[in-house]
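Have a look at the structure below, then the notes.
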Amino acid sequence: MPKELLRQWKVSDSADLYGIKEWGGGYFDLNQKGEATVTARFGGTAVSVSLMDILSGIEARGLGLPILLRIQNLLDAQIERIHESFRRAIRTYGYHGQYQGVFPIKVNQQQEIIEGISRFGERYDHGLEAGSKAELIVALAMLNSTNSPLICNGYKDREFIDLGLQATRMGYKVFFVVEMPGELPLLIERVRATGIRPNIGLRLKLAAKAGGHWSESGGDFSLFGLTTTQLVEVVDVLKAAEMLDCIRLVHYHLGSQIPNIRDVRNAVNETVRFYAELAEEGAPMGYIDLGGGLAVDYDGSKTNFVHSMNYTIDEYSADVIEVIMNVLDEKGIEHPTVITESGRATVAYSTVLLFNTLEISRSQPTALPESLPPNTHELMHNMHEVLRTLSVKNVQECYNDALYYREEILERFRLGQISLRDRALAENYFLQILKQVLTLKSRLKRTPVELEGLDDAMYDIYYGNFSVFQSLPDTWAIDQVFPVIPIHRLNEEPTRKAIIADITCDSDGKIDRFADFHDVRRTIAVHDVPADQDYYFGVFLVGAYQETLGDLHNLFGDTNVVSIRINEDGSFDFLNETEGDSIADVIAIVNYEPKALLRMFREKAERAVRSGSLTVAERRAILDTYERSLNGYTYYKT
Ligand SMILES: *Cc1c(COP(=O)(O)O)cnc(C)c1O
């Protein structure tokens, strides 16, 4: 046996294999017990807690999996990271303005998140962005500091405008962002009627574009924002209404997850030019709002791949500050307050989806019989022969033969010439051959073209207790890659390859794209699991966009949510446990009346007793099960 095969598998091997240090953002790692950990920082001290310890705390409290775990420390840490990064850039460059962040509510509207951001963000006057009346209602109640900006984007009706104006009177720092010239008459009318002077922002449609999934949000084809002609029109209308002094801000949103820093720079550069022009038109200005787009490195590759980013937060803030200064200093225009609307980068890290494995379908060949059964088809003998003669010298030839015989056998089955048992045996032969081909292939100096890509051909299916559609909708909708790893046994070598299927029995309900440094892989390395043991996975960086985009496919509802805070002494507190939907909850959403269903089923059971197919005791047993299920979790208990 070659030496390297004898080497003991180490936790660091797992860390390398799964790339956890690369995508973990300094928050996730592995401990010496081979468990995934989450790290919180207290000044210079880092405190790590095992996700398995958190999981046993959750299970001890009686909550079942799947669980959405929120770690509040990480939300705080990301807000701090973004602000401190801008502060450093401002200091380094001698920038005269400030930085303020706002959180776009749509990225995660959960009360707990908005509350956490308002609470921790207060020290930085971190604000909120509202894209609808409902979000404005939330923002007005949740914002703690009136120095925090409240950016109002999107369409605004009279009620929306009035709310914003009254809030301005109360002292809130509201910005009305104008996206279309058509919004102006109503705004001007309400300003005249109330006598309240609003802060107005203008949303630009930039020529600059960004690569990535959401590239359509920016550029000339974006749905939102003013064209240059419309911008001039808006300025003239406001001038005529004696409201030029209300124009305080320019804004754009290029799209989410911008992987390439060059696109960020281009957009900032174009926007500052607009800013300078508006200042020269006589608008007081003072704010430049660069929207969202700050990316998250989901695959840890640090590239301009769509799920990654080729820059750090420090490079982002330095570039933004530098570009703004370059343009404005040349014109002698004062430095504005820089606002960004980073949603994804603020919340992605804070949430982890944890689920258990319900079942495994192994692509493992079972033992073959010593000899072929009598009267078996001739093709079966051929299959047997391929396996017998397979060696390093004829790998490719044998593989091709096996493929050919398998096809032939399937064809004969369709014609009724091959029995069920022979077909099953042929399947097993094929797997046995494939397995050996894979072993022999690794010993070849040069891999023949036909055998390339074969590594992912043989994989197990691990059935996870979760729904992709409910908990990871972007996996399905836009092929988003999230880091997924087993969260324990990482001191053992994972010897199997798998894809992960969910429990929706929808062929799209699966994870079969996994983060890799160079590419996206079809399978993930996993451990073999004895029948009596549990196996847990974590899907990381799922705090942005997934929760409210999720739906009730197959009537799997909201998962249980648990939020924790890690303490300096290494302990952690459970702050909040929100029970997920029960079956009664989800069926009520699609307009069933749970009580009525129970009554209808009870009547059916009663009829069964009358007709003699159920005893009274059996009736009671099935009704108990029905009722317990109705009031229980939509996911599976083990
Ligand atoms: C969605 C959205 C954001 C958030 O973008 P992220 O890429 O998540 O930071 C910011 N601003 C506006 C106007 C948006 O629509």
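A note on labels: chains of the structure tokens are A, B, ... as shown, every chain counts residues from 1, and ligands are counted from 1 in their shown order.
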- Message: Show me which residues are within 7 Å of ligand 1 counting only C-alpha atoms and all ligand atoms, and format the list as a PyMOL selection string.
- Response: chain A and resi 104+106-107+153+253+255-257+291-295+341-345
- Task: Skip Lys302 of chain A itself and residues of its chain fewer than 4 positions away, then list as an NGL selection string all residues within 9 Å of it, counting only C-alpha atoms.
- Result: :A and (22-23 or 259 or 297 or 308-312 or 517)
Report as a compact mmCIF listing (two decimals) with N, CA, C and O atoms, in the first residue's frame: the residues of segment 106-290 of chain A with a DSSP assignment of alpha helix (DSSP H), based on the backbone of this structure.
```
# COMPACT_ATOMS: atom_id res chain seq x y z
N GLN A 111 -38.26 40.20 12.37
CA GLN A 111 -38.19 41.19 13.43
C GLN A 111 -36.87 41.09 14.21
O GLN A 111 -36.24 42.09 14.53
N GLU A 112 -36.49 39.85 14.50
CA GLU A 112 -35.29 39.64 15.29
C GLU A 112 -34.04 40.25 14.63
O GLU A 112 -33.18 40.81 15.29
N ILE A 113 -34.00 40.15 13.30
CA ILE A 113 -32.85 40.68 12.56
C ILE A 113 -32.88 42.21 12.58
O ILE A 113 -31.88 42.86 12.90
N ILE A 114 -34.03 42.79 12.26
CA ILE A 114 -34.14 44.25 12.19
C ILE A 114 -33.90 44.84 13.59
O ILE A 114 -33.24 45.87 13.74
N GLU A 115 -34.42 44.15 14.59
CA GLU A 115 -34.22 44.60 15.98
C GLU A 115 -32.73 44.57 16.33
O GLU A 115 -32.19 45.53 16.90
N GLY A 116 -32.07 43.47 15.95
CA GLY A 116 -30.64 43.33 16.24
C GLY A 116 -29.83 44.41 15.55
O GLY A 116 -28.90 44.98 16.14
N ILE A 117 -30.17 44.69 14.30
CA ILE A 117 -29.43 45.70 13.55
C ILE A 117 -29.65 47.08 14.16
O ILE A 117 -28.71 47.86 14.32
N SER A 118 -30.89 47.38 14.54
CA SER A 118 -31.16 48.68 15.15
C SER A 118 -30.44 48.83 16.48
O SER A 118 -29.90 49.88 16.78
N ARG A 119 -30.43 47.73 17.24
CA ARG A 119 -29.82 47.81 18.57
C ARG A 119 -28.31 47.99 18.46
O ARG A 119 -27.76 48.97 18.93
N PHE A 120 -27.67 47.05 17.75
CA PHE A 120 -26.21 47.14 17.68
C PHE A 120 -25.78 48.31 16.81
O PHE A 120 -24.78 48.99 17.08
N GLY A 121 -26.57 48.59 15.75
CA GLY A 121 -26.19 49.62 14.79
C GLY A 121 -26.28 51.03 15.35
O GLY A 121 -25.75 51.98 14.77
N LYS A 133 -44.31 50.44 1.53
CA LYS A 133 -44.99 51.06 2.67
C LYS A 133 -44.88 50.16 3.90
O LYS A 133 -44.67 50.62 5.02
N ALA A 134 -45.02 48.85 3.67
CA ALA A 134 -44.93 47.91 4.79
C ALA A 134 -43.56 48.01 5.46
O ALA A 134 -43.44 47.99 6.68
N GLU A 135 -42.52 48.11 4.64
CA GLU A 135 -41.17 48.20 5.21
C GLU A 135 -40.96 49.54 5.93
O GLU A 135 -40.25 49.61 6.93
N LEU A 136 -41.60 50.59 5.41
CA LEU A 136 -41.50 51.90 6.09
C LEU A 136 -42.14 51.82 7.48
O LEU A 136 -41.61 52.34 8.47
N ILE A 137 -43.29 51.14 7.53
CA ILE A 137 -43.99 50.96 8.81
C ILE A 137 -43.08 50.27 9.82
O ILE A 137 -43.00 50.66 10.98
N VAL A 138 -42.37 49.24 9.34
CA VAL A 138 -41.43 48.52 10.20
C VAL A 138 -40.30 49.46 10.63
O VAL A 138 -39.98 49.58 11.81
N ALA A 139 -39.72 50.16 9.65
CA ALA A 139 -38.54 50.99 9.92
C ALA A 139 -38.86 52.09 10.93
O ALA A 139 -38.07 52.34 11.85
N LEU A 140 -40.00 52.73 10.79
CA LEU A 140 -40.35 53.84 11.68
C LEU A 140 -40.42 53.38 13.13
O LEU A 140 -40.01 54.09 14.05
N ALA A 141 -40.93 52.17 13.32
CA ALA A 141 -41.05 51.68 14.69
C ALA A 141 -39.72 51.14 15.23
O ALA A 141 -39.44 51.23 16.41
N MET A 142 -38.91 50.58 14.35
CA MET A 142 -37.72 49.87 14.82
C MET A 142 -36.47 50.73 14.97
O MET A 142 -35.58 50.40 15.74
N ARG A 158 -49.74 58.42 -1.70
CA ARG A 158 -49.93 59.59 -0.85
C ARG A 158 -49.71 59.27 0.63
O ARG A 158 -49.08 60.04 1.36
N GLU A 159 -50.20 58.10 1.04
CA GLU A 159 -50.04 57.71 2.44
C GLU A 159 -48.56 57.53 2.81
O GLU A 159 -48.11 57.96 3.87
N PHE A 160 -47.83 56.89 1.90
CA PHE A 160 -46.39 56.66 2.08
C PHE A 160 -45.70 58.02 2.24
O PHE A 160 -44.93 58.26 3.19
N ILE A 161 -46.00 58.93 1.32
CA ILE A 161 -45.35 60.26 1.36
C ILE A 161 -45.70 60.99 2.66
O ILE A 161 -44.83 61.55 3.34
N ASP A 162 -46.99 60.94 3.04
CA ASP A 162 -47.40 61.64 4.26
C ASP A 162 -46.70 61.08 5.49
O ASP A 162 -46.27 61.83 6.38
N LEU A 163 -46.61 59.75 5.54
CA LEU A 163 -45.91 59.12 6.66
C LEU A 163 -44.46 59.61 6.73
O LEU A 163 -43.96 59.97 7.80
N GLY A 164 -43.81 59.62 5.57
CA GLY A 164 -42.41 60.05 5.51
C GLY A 164 -42.25 61.50 5.91
O GLY A 164 -41.30 61.88 6.61
N LEU A 165 -43.18 62.34 5.47
CA LEU A 165 -43.09 63.77 5.79
C LEU A 165 -43.31 64.00 7.28
O LEU A 165 -42.56 64.75 7.93
N GLN A 166 -44.33 63.35 7.84
CA GLN A 166 -44.58 63.50 9.28
C GLN A 166 -43.37 63.01 10.10
O GLN A 166 -43.01 63.60 11.11
N ALA A 167 -42.79 61.92 9.63
CA ALA A 167 -41.61 61.39 10.32
C ALA A 167 -40.46 62.39 10.25
O ALA A 167 -39.71 62.56 11.21
N THR A 168 -40.33 63.06 9.11
CA THR A 168 -39.30 64.10 8.96
C THR A 168 -39.53 65.19 10.02
O THR A 168 -38.59 65.64 10.68
N ARG A 169 -40.80 65.55 10.19
CA ARG A 169 -41.11 66.56 11.20
C ARG A 169 -40.73 66.08 12.60
O ARG A 169 -40.25 66.85 13.43
N MET A 170 -40.92 64.77 12.84
CA MET A 170 -40.56 64.21 14.15
C MET A 170 -39.06 64.18 14.38
O MET A 170 -38.61 63.89 15.49
N LEU A 184 -43.09 63.12 -8.91
CA LEU A 184 -42.91 64.47 -8.38
C LEU A 184 -44.17 65.25 -8.06
O LEU A 184 -44.26 65.87 -7.00
N PRO A 185 -45.17 65.28 -8.96
CA PRO A 185 -46.34 66.13 -8.68
C PRO A 185 -46.96 65.85 -7.32
O PRO A 185 -47.24 66.79 -6.56
N LEU A 186 -47.12 64.56 -6.98
CA LEU A 186 -47.73 64.22 -5.70
C LEU A 186 -46.84 64.66 -4.53
O LEU A 186 -47.33 65.22 -3.54
N LEU A 187 -45.54 64.43 -4.67
CA LEU A 187 -44.61 64.82 -3.62
C LEU A 187 -44.66 66.34 -3.41
O LEU A 187 -44.77 66.81 -2.26
N ILE A 188 -44.62 67.08 -4.50
CA ILE A 188 -44.64 68.54 -4.38
C ILE A 188 -45.95 69.01 -3.75
O ILE A 188 -45.96 69.88 -2.86
N GLU A 189 -47.04 68.37 -4.17
CA GLU A 189 -48.35 68.75 -3.61
C GLU A 189 -48.39 68.53 -2.09
O GLU A 189 -48.83 69.39 -1.33
N ARG A 190 -47.86 67.36 -1.65
CA ARG A 190 -47.89 67.04 -0.21
C ARG A 190 -46.93 67.95 0.57
O ARG A 190 -47.20 68.30 1.73
N VAL A 191 -45.81 68.33 -0.06
CA VAL A 191 -44.87 69.25 0.60
C VAL A 191 -45.55 70.60 0.80
O VAL A 191 -45.47 71.21 1.88
N ARG A 192 -46.26 71.05 -0.23
CA ARG A 192 -46.97 72.34 -0.11
C ARG A 192 -48.04 72.26 0.96
O ARG A 192 -48.19 73.16 1.78
N ALA A 193 -48.80 71.14 0.95
CA ALA A 193 -49.93 71.01 1.87
C ALA A 193 -49.45 70.94 3.33
O ALA A 193 -50.11 71.46 4.23
N THR A 194 -48.32 70.28 3.56
CA THR A 194 -47.88 70.09 4.95
C THR A 194 -46.85 71.13 5.40
O THR A 194 -46.63 71.30 6.60
N THR A 228 -30.65 60.09 -17.84
CA THR A 228 -30.07 61.43 -17.71
C THR A 228 -31.08 62.50 -18.11
O THR A 228 -31.19 63.54 -17.46
N THR A 229 -31.85 62.23 -19.16
CA THR A 229 -32.87 63.18 -19.60
C THR A 229 -33.90 63.41 -18.48
O THR A 229 -34.28 64.55 -18.19
N GLN A 230 -34.33 62.30 -17.87
CA GLN A 230 -35.32 62.42 -16.78
C GLN A 230 -34.72 63.15 -15.58
O GLN A 230 -35.42 63.93 -14.91
N LEU A 231 -33.45 62.93 -15.32
CA LEU A 231 -32.78 63.58 -14.19
C LEU A 231 -32.82 65.10 -14.38
O LEU A 231 -33.16 65.85 -13.45
N VAL A 232 -32.50 65.53 -15.59
CA VAL A 232 -32.52 66.97 -15.88
C VAL A 232 -33.94 67.52 -15.71
O VAL A 232 -34.16 68.57 -15.10
N GLU A 233 -34.91 66.74 -16.19
CA GLU A 233 -36.31 67.14 -16.07
C GLU A 233 -36.71 67.29 -14.59
O GLU A 233 -37.33 68.29 -14.20
N VAL A 234 -36.30 66.30 -13.77
CA VAL A 234 -36.63 66.33 -12.34
C VAL A 234 -36.00 67.56 -11.67
O VAL A 234 -36.65 68.25 -10.88
N VAL A 235 -34.75 67.83 -12.00
CA VAL A 235 -34.07 68.98 -11.41
C VAL A 235 -34.83 70.27 -11.78
O VAL A 235 -35.08 71.13 -10.92
N ASP A 236 -35.25 70.37 -13.05
CA ASP A 236 -35.95 71.58 -13.48
C ASP A 236 -37.31 71.73 -12.79
O ASP A 236 -37.68 72.82 -12.38
N VAL A 237 -38.02 70.60 -12.65
CA VAL A 237 -39.32 70.67 -11.98
C VAL A 237 -39.14 71.11 -10.52
O VAL A 237 -39.89 71.96 -10.01
N LEU A 238 -38.13 70.54 -9.85
CA LEU A 238 -37.91 70.90 -8.45
C LEU A 238 -37.45 72.36 -8.32
O LEU A 238 -37.84 73.06 -7.38
N LYS A 239 -36.64 72.79 -9.28
CA LYS A 239 -36.22 74.19 -9.28
C LYS A 239 -37.43 75.10 -9.37
O LYS A 239 -37.59 76.05 -8.58
N ALA A 240 -38.32 74.77 -10.32
CA ALA A 240 -39.52 75.60 -10.54
C ALA A 240 -40.41 75.61 -9.30
O ALA A 240 -41.08 76.60 -9.01
N ILE A 261 -14.50 43.91 -8.43
CA ILE A 261 -14.27 45.24 -7.86
C ILE A 261 -14.22 46.31 -8.95
O ILE A 261 -14.58 47.47 -8.71
N ARG A 262 -13.82 45.92 -10.16
CA ARG A 262 -13.75 46.90 -11.24
C ARG A 262 -15.13 47.50 -11.51
O ARG A 262 -15.29 48.68 -11.76
N ASP A 263 -16.17 46.65 -11.45
CA ASP A 263 -17.53 47.13 -11.68
C ASP A 263 -17.97 48.09 -10.57
O ASP A 263 -18.69 49.04 -10.82
N VAL A 264 -17.53 47.81 -9.34
CA VAL A 264 -17.85 48.70 -8.22
C VAL A 264 -17.23 50.07 -8.49
O VAL A 264 -17.91 51.11 -8.40
N ARG A 265 -15.98 50.07 -8.85
CA ARG A 265 -15.27 51.34 -9.09
C ARG A 265 -15.92 52.14 -10.22
O ARG A 265 -16.13 53.35 -10.10
N ASN A 266 -16.24 51.43 -11.31
CA ASN A 266 -16.85 52.13 -12.45
C ASN A 266 -18.14 52.82 -12.06
O ASN A 266 -18.40 53.96 -12.45
N ALA A 267 -18.98 52.11 -11.30
CA ALA A 267 -20.28 52.67 -10.92
C ALA A 267 -20.10 53.86 -9.99
O ALA A 267 -20.77 54.88 -10.13
N VAL A 268 -19.17 53.75 -9.03
CA VAL A 268 -18.94 54.86 -8.11
C VAL A 268 -18.45 56.07 -8.90
O VAL A 268 -18.94 57.20 -8.73
N ASN A 269 -17.53 55.80 -9.79
CA ASN A 269 -16.96 56.88 -10.58
C ASN A 269 -18.03 57.64 -11.36
O ASN A 269 -18.09 58.88 -11.34
N GLU A 270 -18.91 56.90 -12.02
CA GLU A 270 -19.98 57.55 -12.81
C GLU A 270 -20.91 58.34 -11.88
O GLU A 270 -21.32 59.46 -12.19
N THR A 271 -21.21 57.77 -10.72
CA THR A 271 -22.14 58.41 -9.79
C THR A 271 -21.57 59.71 -9.22
O THR A 271 -22.29 60.70 -9.07
N VAL A 272 -20.29 59.69 -8.89
CA VAL A 272 -19.69 60.92 -8.35
C VAL A 272 -19.74 62.03 -9.39
O VAL A 272 -19.89 63.21 -9.05
N ARG A 273 -19.62 61.66 -10.65
CA ARG A 273 -19.73 62.67 -11.71
C ARG A 273 -21.12 63.31 -11.65
O ARG A 273 -21.25 64.53 -11.73
N PHE A 274 -22.16 62.48 -11.49
CA PHE A 274 -23.51 63.03 -11.36
C PHE A 274 -23.61 63.91 -10.12
O PHE A 274 -24.22 64.98 -10.14
N TYR A 275 -23.01 63.42 -9.04
CA TYR A 275 -23.04 64.17 -7.78
C TYR A 275 -22.45 65.57 -7.99
O TYR A 275 -23.04 66.58 -7.61
N ALA A 276 -21.28 65.60 -8.64
CA ALA A 276 -20.60 66.88 -8.85
C ALA A 276 -21.46 67.81 -9.72
O ALA A 276 -21.59 69.01 -9.43
N GLU A 277 -22.08 67.25 -10.74
CA GLU A 277 -22.90 68.06 -11.64
C GLU A 277 -24.11 68.64 -10.89
O GLU A 277 -24.47 69.80 -11.08
N LEU A 278 -24.72 67.81 -10.04
CA LEU A 278 -25.88 68.30 -9.29
C LEU A 278 -25.46 69.39 -8.31
O LEU A 278 -26.17 70.38 -8.12
N ALA A 279 -24.29 69.21 -7.69
CA ALA A 279 -23.78 70.24 -6.79
C ALA A 279 -23.58 71.54 -7.56
O ALA A 279 -23.90 72.63 -7.08
N GLU A 280 -23.07 71.42 -8.78
CA GLU A 280 -22.82 72.62 -9.57
C GLU A 280 -24.11 73.27 -10.07
O GLU A 280 -24.15 74.47 -10.34
```
- Task: Determine, counting only C-alpha atoms, which protein, DNA and RNA residues have an atom within 6 Å of an atom of segment 470-482 of chain A; residues of the same chain fewer than 6 positions away are not included. Present the result as a VMD selection string.
- Result: chain A and resid 298 546 550 to 551
- Would you mind telling me which residue in A:Leu69, A:Ala367, A:Ala348, A:Ala241 lies nearest to Gly57 of chain A when using only C-alpha atoms?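 Among the listed residues, A:Leu69 lies closest to Gly57 of chain A.
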Please produce, as JSON lines, a per-residue contact table for segment 313-391 of chain A versus segment 422-433 of chain A (criterion: any atom at most 8 Å away, only C-alpha atoms considered), showing the nearest atom pair and its distance in Å to one decimal, sorted by chain then residue number.
```
{"residue": "A:Ser363", "atom": "CA", "partner": "A:Leu431", "partner_atom": "CA", "distance": 7.4}
{"residue": "A:Gln364", "atom": "CA", "partner": "A:Leu431", "partner_atom": "CA", "distance": 7.0}
{"residue": "A:Pro365", "atom": "CA", "partner": "A:Asn428", "partner_atom": "CA", "distance": 5.2}
{"residue": "A:Thr366", "atom": "CA", "partner": "A:Asn428", "partner_atom": "CA", "distance": 6.6}
{"residue": "A:Leu368", "atom": "CA", "partner": "A:Asn428", "partner_atom": "CA", "distance": 7.4}
{"residue": "A:Thr376", "atom": "CA", "partner": "A:Asp422", "partner_atom": "CA", "distance": 7.1}
{"residue": "A:His377", "atom": "CA", "partner": "A:Asp422", "partner_atom": "CA", "distance": 7.9}
{"residue": "A:Met380", "atom": "CA", "partner": "A:Ala426", "partner_atom": "CA", "distance": 6.7}
{"residue": "A:Met383", "atom": "CA", "partner": "A:Tyr429", "partner_atom": "CA", "distance": 6.8}
{"residue": "A:His384", "atom": "CA", "partner": "A:Tyr429", "partner_atom": "CA", "distance": 7.2}
{"residue": "A:Val386", "atom": "CA", "partner": "A:Ile433", "partner_atom": "CA", "distance": 7.8}
{"residue": "A:Leu387", "atom": "CA", "partner": "A:Ile433", "partner_atom": "CA", "distance": 5.8}
{"residue": "A:Leu390", "atom": "CA", "partner": "A:Ile433", "partner_atom": "CA", "distance": 7.9}
```
- Message: What's the separation between atom CA of Gly453 of chain A and atom CA of Arg521 of chain A, in Å to one decimal place?
- Response: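 Straight-line distance from atom CA of Gly453 of chain A to atom CA of Arg521 of chain A works out to 10.5 Å.
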Contacts of Asp519 of chain A at 10 Å or less, counting only C-alpha atoms, minus same-chain residues fewer than 4 places along, as a PDB file with N, CA, C and O atoms, in the first residue's frame?
```pdb
ATOM      1  N   ASP A 299     -18.038  30.623  -2.151  1.00  0.00           N
ATOM      2  CA  ASP A 299     -17.212  29.444  -2.413  1.00  0.00           C
ATOM      3  C   ASP A 299     -15.779  29.610  -1.922  1.00  0.00           C
ATOM      4  O   ASP A 299     -14.969  28.691  -2.013  1.00  0.00           O
ATOM      5  N   SER A 301     -13.387  31.256  -3.124  1.00  0.00           N
ATOM      6  CA  SER A 301     -12.337  31.231  -4.154  1.00  0.00           C
ATOM      7  C   SER A 301     -11.673  32.591  -4.372  1.00  0.00           C
ATOM      8  O   SER A 301     -10.659  32.682  -5.048  1.00  0.00           O
ATOM      9  N   PHE A 305     -15.866  34.966  -9.933  1.00  0.00           N
ATOM     10  CA  PHE A 305     -16.922  33.990 -10.185  1.00  0.00           C
ATOM     11  C   PHE A 305     -18.210  34.483  -9.514  1.00  0.00           C
ATOM     12  O   PHE A 305     -18.150  35.153  -8.485  1.00  0.00           O
ATOM     13  N   ARG A 513     -24.747  21.023  -6.343  1.00  0.00           N
ATOM     14  CA  ARG A 513     -23.681  21.945  -6.746  1.00  0.00           C
ATOM     15  C   ARG A 513     -22.990  22.388  -5.471  1.00  0.00           C
ATOM     16  O   ARG A 513     -23.624  22.925  -4.573  1.00  0.00           O
ATOM     17  N   PHE A 514     -21.712  22.108  -5.388  1.00  0.00           N
ATOM     18  CA  PHE A 514     -20.985  22.395  -4.162  1.00  0.00           C
ATOM     19  C   PHE A 514     -19.789  23.286  -4.447  1.00  0.00           C
ATOM     20  O   PHE A 514     -19.172  23.194  -5.510  1.00  0.00           O
ATOM     21  N   ALA A 515     -19.501  24.136  -3.489  1.00  0.00           N
ATOM     22  CA  ALA A 515     -18.403  25.087  -3.640  1.00  0.00           C
ATOM     23  C   ALA A 515     -17.083  24.344  -3.796  1.00  0.00           C
ATOM     24  O   ALA A 515     -16.815  23.357  -3.129  1.00  0.00           O
TER      25      ALA A 515
END
```
- For Met325 of chain A, which residue out of A:Val306, A:Tyr93, A:Gly538, A:Gly127 is the nearest one, using only C-alpha atoms?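 Of A:Val306, A:Tyr93, A:Gly538, A:Gly127, the one nearest Met325 of chain A, counting only C-alpha atoms, is A:Tyr93.
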- Item | Atom-to-atom span, atom CA of Leu30 of chain A and atom CA of Arg489 of chain A, Å |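 Between atom CA of Leu30 of chain A and atom CA of Arg489 of chain A the gap is 10.3 Å.
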Find the nearest atom pair between each residue of segment 484-602 of chain A and segment 42-53 of chain A for residues within 12 Å, count only C-alpha atoms, give distances in Å to one decimal, sort rows by chain and ascending number, and present the table as CSV.
```
residue,atom,partner,partner_atom,distance
A:Ile485,CA,A:Leu51,CA,11.9
A:Pro486,CA,A:Met52,CA,10.6
A:Ile487,CA,A:Leu51,CA,7.1
A:His488,CA,A:Met52,CA,7.1
A:Arg489,CA,A:Met52,CA,10.4
A:Leu490,CA,A:Met52,CA,11.9
A:Asp534,CA,A:Met52,CA,11.7
A:Tyr535,CA,A:Met52,CA,10.9
A:Tyr536,CA,A:Met52,CA,8.8
A:Phe537,CA,A:Leu51,CA,10.3
A:Gly538,CA,A:Leu51,CA,8.9
A:Val539,CA,A:Leu51,CA,11.9
A:Phe540,CA,A:Leu51,CA,11.6
A:Ile564,CA,A:Val49,CA,11.1
A:Arg565,CA,A:Val49,CA,10.6
A:Ile566,CA,A:Val49,CA,7.7
A:Asn567,CA,A:Val47,CA,7.9
A:Glu568,CA,A:Phe42,CA,6.5
A:Asp569,CA,A:Val47,CA,7.6
A:Gly570,CA,A:Val47,CA,5.9
A:Ser571,CA,A:Val49,CA,7.9
A:Phe572,CA,A:Val49,CA,8.2
A:Asp573,CA,A:Val49,CA,11.6
```
